[in-house]
Amino acid sequence: MTRNRAAACMAAICAMAMGVALAGCTPKGVAVGASHDDTQNVAHDSIDRQDVTVGVVGALGNPPVSDATVMNNLDKAGLRAFFASTTDNADATQAAQQAVRDWASQRVSVIVVNSLDVTDATAQSWADALGSARDAGVPVALLDPENPPQDTTLYAAVLRMGTDPADSDRNVGSSTYKLDAALSLIINDNPHPATMRIS
């Protein structure tokens with residue numbers, strides 16, 4: 001093999017290796033939450049409904065009726081949903097955070113956290129748990145949060161059940177969405193209000 005030919009082969013191998021390395025450099029969770037980049041108009045197919053999986057983290061300190069409503073709505077919409085209860089745990093917050101990590105590691109299509117209430121004492125542990133979902137590229141929707149994280153890149157949207165146009169959330173949309181339609185927008189990284197009213 002001539003020296004030029006060997007150099008050309010080495011250059012081709014290096015170029016292929018660089019391509020693989022750069023493909024892995026795409027920031028995880030780049031299309032999640034407030035980091036959505038709508039400057040890149042890359043066409044993409046939506047995820048088929050039969051392939052959608054929803055990980056629901058049960059409400060902390062609230063009656064389980066809201067959890068039942070969510071699961072019932074997802075079932076009626078024909079979406080596969082899995083539920084993690086927090087009510088029978090000594091530390092409900094820790095159980096909820098572990099559920100977020102579990103759903104993230106299982107690569108569900110979206111994680112729904114019901115009635116999240118971030119306090120000064122739990123802010124860092126919630127940032128870590130929600131960050132694990134972000135690192136996995138799994139969007140998180142907060143359903144009727146009491147106090148969401150200050151870092152809006154940790155979740156894709158806030159969902160409000162039955163709120164009226166006077167809702168105090170920033171950027172609340174004027175439309176009302178079915179739960180499955182709102183989740184579909186989030187999963188497929190389509191434009192949507194930061195806060196969506198759902199029915």
# chains A, B, ... in the order shown; residues from 1 in each chain; ligands from 1

$ select_by_dssp --residues "segment 54-193 of chain A" --states "alpha helix (DSSP H)" --output "VMD selection string"
chain A and resid 65 to 76 92 to 105 123 to 135 179 to 187

$ write_last_selection --atoms "N, CA and C atoms" --output "compact mmCIF listing (two decimals), in the first residue's frame"
# COMPACT_ATOMS: atom_id res chain seq x y z
N VAL A 65 -58.05 11.29 44.12
CA VAL A 65 -59.04 11.44 43.06
C VAL A 65 -58.43 12.10 41.82
N SER A 66 -57.52 13.05 42.00
CA SER A 66 -56.90 13.69 40.83
C SER A 66 -56.03 12.69 40.06
N ASP A 67 -55.35 11.82 40.77
CA ASP A 67 -54.59 10.77 40.11
C ASP A 67 -55.51 9.85 39.31
N ALA A 68 -56.63 9.50 39.91
CA ALA A 68 -57.58 8.61 39.24
C ALA A 68 -58.13 9.28 37.97
N THR A 69 -58.39 10.57 38.04
CA THR A 69 -58.89 11.30 36.87
C THR A 69 -57.87 11.28 35.74
N VAL A 70 -56.62 11.51 36.08
CA VAL A 70 -55.56 11.51 35.07
C VAL A 70 -55.45 10.14 34.42
N MET A 71 -55.38 9.10 35.23
CA MET A 71 -55.24 7.75 34.68
C MET A 71 -56.45 7.37 33.85
N ASN A 72 -57.64 7.77 34.29
CA ASN A 72 -58.87 7.48 33.54
C ASN A 72 -58.86 8.19 32.19
N ASN A 73 -58.43 9.46 32.17
CA ASN A 73 -58.38 10.21 30.92
C ASN A 73 -57.37 9.61 29.94
N LEU A 74 -56.24 9.16 30.47
CA LEU A 74 -55.23 8.54 29.60
C LEU A 74 -55.73 7.21 29.05
N ASP A 75 -56.43 6.46 29.89
CA ASP A 75 -56.99 5.19 29.45
C ASP A 75 -58.04 5.40 28.35
N LYS A 76 -58.92 6.38 28.55
CA LYS A 76 -59.94 6.69 27.54
C LYS A 76 -59.31 7.12 26.22
N ALA A 92 -42.80 10.79 50.94
CA ALA A 92 -43.50 10.89 49.67
C ALA A 92 -42.67 11.64 48.63
N THR A 93 -41.95 12.65 49.05
CA THR A 93 -41.14 13.42 48.11
C THR A 93 -40.03 12.55 47.51
N GLN A 94 -39.36 11.80 48.38
CA GLN A 94 -38.29 10.92 47.89
C GLN A 94 -38.86 9.86 46.95
N ALA A 95 -40.04 9.34 47.27
CA ALA A 95 -40.68 8.34 46.42
C ALA A 95 -41.02 8.93 45.05
N ALA A 96 -41.51 10.16 45.04
CA ALA A 96 -41.85 10.82 43.78
C ALA A 96 -40.60 11.07 42.94
N GLN A 97 -39.54 11.50 43.58
CA GLN A 97 -38.29 11.75 42.86
C GLN A 97 -37.71 10.46 42.29
N GLN A 98 -37.80 9.37 43.05
CA GLN A 98 -37.33 8.08 42.56
C GLN A 98 -38.17 7.62 41.38
N ALA A 99 -39.48 7.89 41.43
CA ALA A 99 -40.35 7.53 40.31
C ALA A 99 -39.94 8.27 39.04
N VAL A 100 -39.61 9.55 39.18
CA VAL A 100 -39.15 10.32 38.02
C VAL A 100 -37.89 9.67 37.44
N ARG A 101 -36.95 9.30 38.31
CA ARG A 101 -35.71 8.67 37.83
C ARG A 101 -36.02 7.32 37.16
N ASP A 102 -36.94 6.57 37.75
CA ASP A 102 -37.29 5.27 37.17
C ASP A 102 -37.91 5.43 35.79
N TRP A 103 -38.87 6.37 35.65
CA TRP A 103 -39.51 6.57 34.34
C TRP A 103 -38.47 7.05 33.34
N ALA A 104 -37.54 7.90 33.79
CA ALA A 104 -36.50 8.40 32.88
C ALA A 104 -35.61 7.26 32.39
N SER A 105 -35.24 6.37 33.30
CA SER A 105 -34.36 5.25 32.91
C SER A 105 -35.09 4.28 32.00
N ALA A 123 -35.55 21.76 46.78
CA ALA A 123 -35.25 22.33 45.46
C ALA A 123 -34.12 21.59 44.75
N GLN A 124 -33.03 21.30 45.46
CA GLN A 124 -31.89 20.66 44.81
C GLN A 124 -32.20 19.21 44.46
N SER A 125 -32.87 18.49 45.35
CA SER A 125 -33.17 17.08 45.05
C SER A 125 -34.17 16.97 43.89
N TRP A 126 -35.09 17.95 43.79
CA TRP A 126 -36.00 17.95 42.63
C TRP A 126 -35.24 18.31 41.36
N ALA A 127 -34.32 19.25 41.45
CA ALA A 127 -33.52 19.60 40.27
C ALA A 127 -32.73 18.39 39.78
N ASP A 128 -32.20 17.60 40.72
CA ASP A 128 -31.45 16.40 40.35
C ASP A 128 -32.36 15.36 39.69
N ALA A 129 -33.55 15.15 40.28
CA ALA A 129 -34.47 14.14 39.75
C ALA A 129 -34.98 14.55 38.37
N LEU A 130 -35.43 15.79 38.25
CA LEU A 130 -35.93 16.26 36.96
C LEU A 130 -34.80 16.36 35.94
N GLY A 131 -33.60 16.67 36.43
CA GLY A 131 -32.44 16.71 35.55
C GLY A 131 -32.13 15.34 34.95
N SER A 132 -32.42 14.27 35.70
CA SER A 132 -32.18 12.92 35.17
C SER A 132 -33.10 12.65 33.99
N ALA A 133 -34.34 13.17 34.06
CA ALA A 133 -35.26 13.01 32.93
C ALA A 133 -34.77 13.83 31.75
N ARG A 134 -34.33 15.03 32.02
CA ARG A 134 -33.81 15.89 30.95
C ARG A 134 -32.61 15.25 30.28
N ASP A 135 -31.68 14.70 31.08
CA ASP A 135 -30.50 14.06 30.52
C ASP A 135 -30.87 12.85 29.66
N LEU A 179 -56.16 16.14 27.55
CA LEU A 179 -54.89 15.74 28.13
C LEU A 179 -53.99 15.05 27.11
N ASP A 180 -54.55 14.13 26.33
CA ASP A 180 -53.73 13.41 25.36
C ASP A 180 -53.20 14.33 24.27
N ALA A 181 -53.98 15.34 23.87
CA ALA A 181 -53.53 16.28 22.84
C ALA A 181 -52.38 17.14 23.38
N ALA A 182 -52.50 17.58 24.64
CA ALA A 182 -51.43 18.38 25.25
C ALA A 182 -50.15 17.56 25.35
N LEU A 183 -50.27 16.30 25.79
CA LEU A 183 -49.09 15.45 25.91
C LEU A 183 -48.47 15.16 24.55
N SER A 184 -49.31 15.03 23.53
CA SER A 184 -48.81 14.77 22.18
C SER A 184 -47.95 15.94 21.70
N LEU A 185 -48.39 17.17 21.96
CA LEU A 185 -47.60 18.35 21.59
C LEU A 185 -46.24 18.33 22.29
N ILE A 186 -46.26 17.96 23.56
CA ILE A 186 -45.03 17.93 24.35
C ILE A 186 -44.10 16.82 23.85
N ILE A 187 -44.64 15.63 23.67
CA ILE A 187 -43.84 14.48 23.25
C ILE A 187 -43.18 14.73 21.90

$ closest_residue --among "A:Val108, A:Val113, A:Val138, A:Leu143" --to "Asp189 of chain A" --atoms "only C-alpha atoms"
A:Val138

$ residues_around --residues "Val140 of chain A" --least-positions-apart "5" --cutoff "7 Å" --atoms "only C-alpha atoms" --output "list in words"
Val110, Ile111, Val112, Tyr155 and Ala156 of chain A

$ closest_residue --among "A:Thr176, A:Val52, A:Pro145, A:Ala157" --to "Asn190 of chain A" --atoms "only C-alpha atoms"
A:Ala157

$ decode --residues "segment 88-153 of chain A" --atoms "C-alpha atoms" --output "CSV table (one decimal), in the first residue's frame"
chain,number,residue,atom,x,y,z
A,88,ASP,CA,-47.9,4.8,51.1
A,89,ASN,CA,-44.3,5.9,51.5
A,90,ALA,CA,-42.7,7.3,54.6
A,91,ASP,CA,-41.1,10.0,52.5
A,92,ALA,CA,-43.5,10.9,49.7
A,93,THR,CA,-41.1,13.4,48.1
A,94,GLN,CA,-38.3,10.9,47.9
A,95,ALA,CA,-40.7,8.3,46.4
A,96,ALA,CA,-41.9,10.8,43.8
A,97,GLN,CA,-38.3,11.8,42.9
A,98,GLN,CA,-37.3,8.1,42.6
A,99,ALA,CA,-40.3,7.5,40.3
A,100,VAL,CA,-39.2,10.3,38.0
A,101,ARG,CA,-35.7,8.7,37.8
A,102,ASP,CA,-37.3,5.3,37.2
A,103,TRP,CA,-39.5,6.6,34.3
A,104,ALA,CA,-36.5,8.4,32.9
A,105,SER,CA,-34.4,5.3,32.9
A,106,GLN,CA,-37.2,3.3,31.3
A,107,ARG,CA,-37.4,6.0,28.6
A,108,VAL,CA,-41.1,6.6,28.7
A,109,SER,CA,-42.4,9.1,26.2
A,110,VAL,CA,-43.4,11.7,28.8
A,111,ILE,CA,-43.4,12.0,32.6
A,112,VAL,CA,-46.4,13.6,34.3
A,113,VAL,CA,-45.8,14.8,37.9
A,114,ASN,CA,-49.0,15.6,39.7
A,115,SER,CA,-49.2,18.5,42.3
A,116,LEU,CA,-45.4,19.1,42.5
A,117,ASP,CA,-44.5,21.4,45.4
A,118,VAL,CA,-40.9,22.4,45.4
A,119,THR,CA,-39.6,23.9,48.7
A,120,ASP,CA,-36.3,25.4,49.7
A,121,ALA,CA,-35.5,22.1,51.3
A,122,THR,CA,-36.3,20.0,48.3
A,123,ALA,CA,-35.3,22.3,45.5
A,124,GLN,CA,-31.9,20.7,44.8
A,125,SER,CA,-33.2,17.1,45.0
A,126,TRP,CA,-36.0,17.9,42.6
A,127,ALA,CA,-33.5,19.6,40.3
A,128,ASP,CA,-31.5,16.4,40.4
A,129,ALA,CA,-34.5,14.1,39.7
A,130,LEU,CA,-35.9,16.3,37.0
A,131,GLY,CA,-32.4,16.7,35.5
A,132,SER,CA,-32.2,12.9,35.2
A,133,ALA,CA,-35.3,13.0,32.9
A,134,ARG,CA,-33.8,15.9,31.0
A,135,ASP,CA,-30.5,14.1,30.5
A,136,ALA,CA,-32.4,11.1,29.2
A,137,GLY,CA,-34.3,13.3,26.8
A,138,VAL,CA,-37.7,12.5,28.4
A,139,PRO,CA,-40.0,15.6,28.7
A,140,VAL,CA,-41.7,16.3,32.0
A,141,ALA,CA,-45.2,17.9,32.3
A,142,LEU,CA,-46.2,19.3,35.6
A,143,LEU,CA,-49.9,18.8,36.4
A,144,ASP,CA,-51.3,21.5,38.7
A,145,PRO,CA,-48.0,22.2,40.5
A,146,GLU,CA,-48.3,24.0,43.8
A,147,ASN,CA,-44.8,25.4,43.4
A,148,PRO,CA,-42.8,24.4,40.2
A,149,PRO,CA,-39.0,24.6,40.0
A,150,GLN,CA,-37.6,28.0,39.2
A,151,ASP,CA,-35.5,26.5,36.4
A,152,THR,CA,-38.1,26.2,33.7
A,153,THR,CA,-35.7,24.1,31.5
